[in-house]
Amino acid sequence: MFYLIPGLGADERVFQRLQPLLHGPSAVLPWLPPESDDEPLAHYAGRMVEAIPVDATGWLVGVSFGGVVALEMQRLRPGLRPVLISSLPDAQSMPLLLRLVRASGLYRLVPPQWLKLFPRAGQLYFGVQGGAEYRLFRRILLDMEPRYTRWAINSLLHWNSTGVAPAVQLLGTRDRVFPPGNRPIDYRISGGGHFMVLSHAEEIAQILNGLDLGVME
């Protein structure tokens with residue numbers, strides 16, 4: 001079973017190319033509204049995981065911030081194994097740019113809805129291709145809910161990843177949000193940007209379909 005968790009502010013649309021290629025059942029877990037602006041990430045993950053049976057086995061596949069949430073959910077569903085697409089395996093892997101954003105506190109001053117005003121800048125930063133892919137990205141951007149976005153950004157920047165489980169990591173070689181650098185990564189997707197769950201869906205599906213739960217024991 002594949003449980004799919006979208007990226008920050010996204011929804012099931014980011015899996016529209018990947019999901020039909022997966023061998024076996026799959027389900028997209030939609031985001032829940034945060035209970036408050038300072039709801040702890042662990043508490044939020046506990047609410048998200050209620051949609052999954054306690055004895056479930058399979059894969060928690062998280063994209064970007066969805067990977068962070070997947071790692072937190074896995075603490076409560078040990079039969080599942082986390083797979084990170086365009087995401088971070090722990091807080092220590094946070095790129096320098098995001099560390100500077102956290103230290104400066106600028107993220108508190110910029111309203112999330114401003115992101116909607118500059119879709120072309122977002123296209124460049126997230127590595128979104130043109131045509132239908134850009135149109136989908138722009139629609140997702142316009143649909144982002146400001147309160148959830150503020151909460152998610154704060155949760156990511158202040159994530160305490162102590163004790164998270166090992167994960168399978170897929171990262172694009174052209175990811176500007178989480179640059180791969182020289183650290184160990186299970187699968188480097190050549191030419192993949194941060195939006196590679198769409199642009200490289202066939203390659204990602206091939207990797208996911210070939211994963212073996214037994215190897216992760």
# chains A, B, ... in the order shown; residues from 1 in each chain; ligands from 1
$ residues_around --residues "Val54 in chain A" --least-positions-apart "6" --cutoff "12 Å" --atoms "only C-alpha atoms" --output "short mmCIF file (atom, residue, chain, number, x, y, z; two decimals) with N, CA and C atoms, in the first residue's frame"
data_model
loop_
_atom_site.label_atom_id
_atom_site.label_comp_id
_atom_site.auth_asym_id
_atom_site.auth_seq_id
_atom_site.Cartn_x
_atom_site.Cartn_y
_atom_site.Cartn_z
N GLY A 46 -0.25 13.21 14.39
CA GLY A 46 -1.14 12.27 15.05
C GLY A 46 -2.56 12.33 14.52
N MET A 73 4.60 10.89 11.09
CA MET A 73 3.51 9.91 11.13
C MET A 73 4.04 8.51 11.35
N GLN A 74 5.20 8.22 10.78
CA GLN A 74 5.77 6.88 10.90
C GLN A 74 6.06 6.51 12.34
N ARG A 75 6.30 7.47 13.19
CA ARG A 75 6.53 7.19 14.62
C ARG A 75 5.32 6.47 15.22
N LEU A 76 4.14 6.72 14.65
CA LEU A 76 2.90 6.16 15.18
C LEU A 76 2.40 4.97 14.37
N ARG A 77 3.02 4.70 13.23
CA ARG A 77 2.66 3.56 12.39
C ARG A 77 3.95 2.85 11.98
N PRO A 78 4.55 2.09 12.90
CA PRO A 78 5.87 1.49 12.63
C PRO A 78 5.86 0.45 11.52
N GLY A 79 4.69 -0.03 11.10
CA GLY A 79 4.62 -0.97 10.00
C GLY A 79 4.82 -0.33 8.64
N LEU A 80 4.81 1.00 8.62
CA LEU A 80 5.01 1.73 7.37
C LEU A 80 6.45 2.20 7.26
#
$ closest_atom_pairs --of "range 121-201 of chain A" --to "range 59-65 of chain A" --cutoff "12 Å" --atoms "only C-alpha atoms" --output "Markdown table"
| residue | atom | partner | partner_atom | distance |
| --- | --- | --- | --- | --- |
| A:Phe126 | CA | A:Ser64 | CA | 10.7 |
| A:Thr149 | CA | A:Phe65 | CA | 10.7 |
| A:Trp151 | CA | A:Phe65 | CA | 11.5 |
| A:Ala152 | CA | A:Phe65 | CA | 7.7 |
| A:Ile153 | CA | A:Phe65 | CA | 8.6 |
| A:Asn154 | CA | A:Phe65 | CA | 11.1 |
| A:Ser155 | CA | A:Phe65 | CA | 9.2 |
| A:Leu156 | CA | A:Phe65 | CA | 7.0 |
| A:Leu157 | CA | A:Phe65 | CA | 10.4 |
| A:Trp159 | CA | A:Phe65 | CA | 10.6 |
| A:Ala165 | CA | A:Leu60 | CA | 11.7 |
| A:Ala167 | CA | A:Leu60 | CA | 9.6 |
| A:Val168 | CA | A:Val61 | CA | 9.3 |
| A:Gln169 | CA | A:Val61 | CA | 9.9 |
| A:Leu170 | CA | A:Val63 | CA | 9.6 |
| A:Leu171 | CA | A:Ser64 | CA | 9.9 |
| A:Gly172 | CA | A:Ser64 | CA | 11.6 |
| A:Asp175 | CA | A:Ser64 | CA | 10.8 |
| A:Arg176 | CA | A:Ser64 | CA | 11.9 |
| A:Val177 | CA | A:Ser64 | CA | 9.0 |
| A:Phe178 | CA | A:Ser64 | CA | 8.7 |
| A:Gly193 | CA | A:Ser64 | CA | 11.4 |
| A:His194 | CA | A:Ser64 | CA | 7.8 |
| A:Phe195 | CA | A:Val63 | CA | 9.0 |
| A:Met196 | CA | A:Val63 | CA | 9.6 |
| A:Val197 | CA | A:Val63 | CA | 7.6 |
| A:Leu198 | CA | A:Val63 | CA | 10.9 |
$ closest_residue --among "A:Met1, A:Leu96, A:Val69, A:Ile140" --to "Leu22 in chain A" --atoms "only C-alpha atoms"
A:Met1
$ closest_residue --among "A:Thr173, A:Ile5, A:Ser190, A:Pro33" --to "Pro146 in chain A" --atoms "only C-alpha atoms"
A:Pro33
$ select_by_dssp --residues "range 71-189 of chain A" --states "strand (DSSP E)" --output "PyMOL selection string"
chain A and resi 80-85+168-172+187-189
$ write_last_selection --atoms "C-alpha atoms" --output "PDB file, in the first residue's frame"
ATOM      1  CA  LEU A  80       5.008   1.730   7.367  1.00  0.00           C
ATOM      2  CA  ARG A  81       8.274   2.835   5.784  1.00  0.00           C
ATOM      3  CA  PRO A  82       8.863   6.474   4.785  1.00  0.00           C
ATOM      4  CA  VAL A  83       9.828   7.461   1.257  1.00  0.00           C
ATOM      5  CA  LEU A  84      10.898  11.053   0.691  1.00  0.00           C
ATOM      6  CA  ILE A  85      10.473  12.732  -2.681  1.00  0.00           C
ATOM      7  CA  VAL A 168      14.321   6.067   1.243  1.00  0.00           C
ATOM      8  CA  GLN A 169      15.210   9.418  -0.323  1.00  0.00           C
ATOM      9  CA  LEU A 170      14.648  10.521  -3.915  1.00  0.00           C
ATOM     10  CA  LEU A 171      16.083  13.921  -4.768  1.00  0.00           C
ATOM     11  CA  GLY A 172      16.493  15.728  -8.078  1.00  0.00           C
ATOM     12  CA  TYR A 187      18.198   7.866  -5.642  1.00  0.00           C
ATOM     13  CA  ARG A 188      19.401  10.968  -7.480  1.00  0.00           C
ATOM     14  CA  ILE A 189      16.973  11.809 -10.265  1.00  0.00           C
TER      15      ILE A 189
END
$ closest_residue --among "A:Leu88, A:Val128, A:Leu32, A:Met94" --to "Val49 in chain A" --atoms "only C-alpha atoms"
A:Leu32
$ closest_residue --among "A:Leu18, A:Thr57, A:Gln92, A:Asp11" --to "Thr162 in chain A" --atoms "only C-alpha atoms"
A:Gln92
$ residues_around --residues "range 24-31 of chain A" --least-positions-apart "6" --cutoff "9 Å" --atoms "only C-alpha atoms" --output "JSON, numbers by chain"
{"A": [1, 2, 3, 4, 5, 6, 8, 9, 10, 11, 12, 15, 48, 49, 51, 209]}
$ residues_around --residues "Phe137 in chain A" --least-positions-apart "3" --cutoff "10 Å" --atoms "only C-alpha atoms" --output "count of residues only"
18
$ select_by_dssp --residues "range 19-203 of chain A" --states "alpha helix (DSSP H)" --output "ChimeraX atom specification"
/A:41-48,65-74,96-104,119-126,132-143,146-157,196-199,201-203
$ closest_residue --among "A:Arg147, A:Val68, A:Pro53, A:Ala103" --to "Asp37 in chain A" --atoms "only C-alpha atoms"
A:Arg147
$ closest_residue --among "A:Pro95, A:Gly7, A:Leu41, A:Gln19" --to "Ala205 in chain A" --atoms "only C-alpha atoms"
A:Gln19
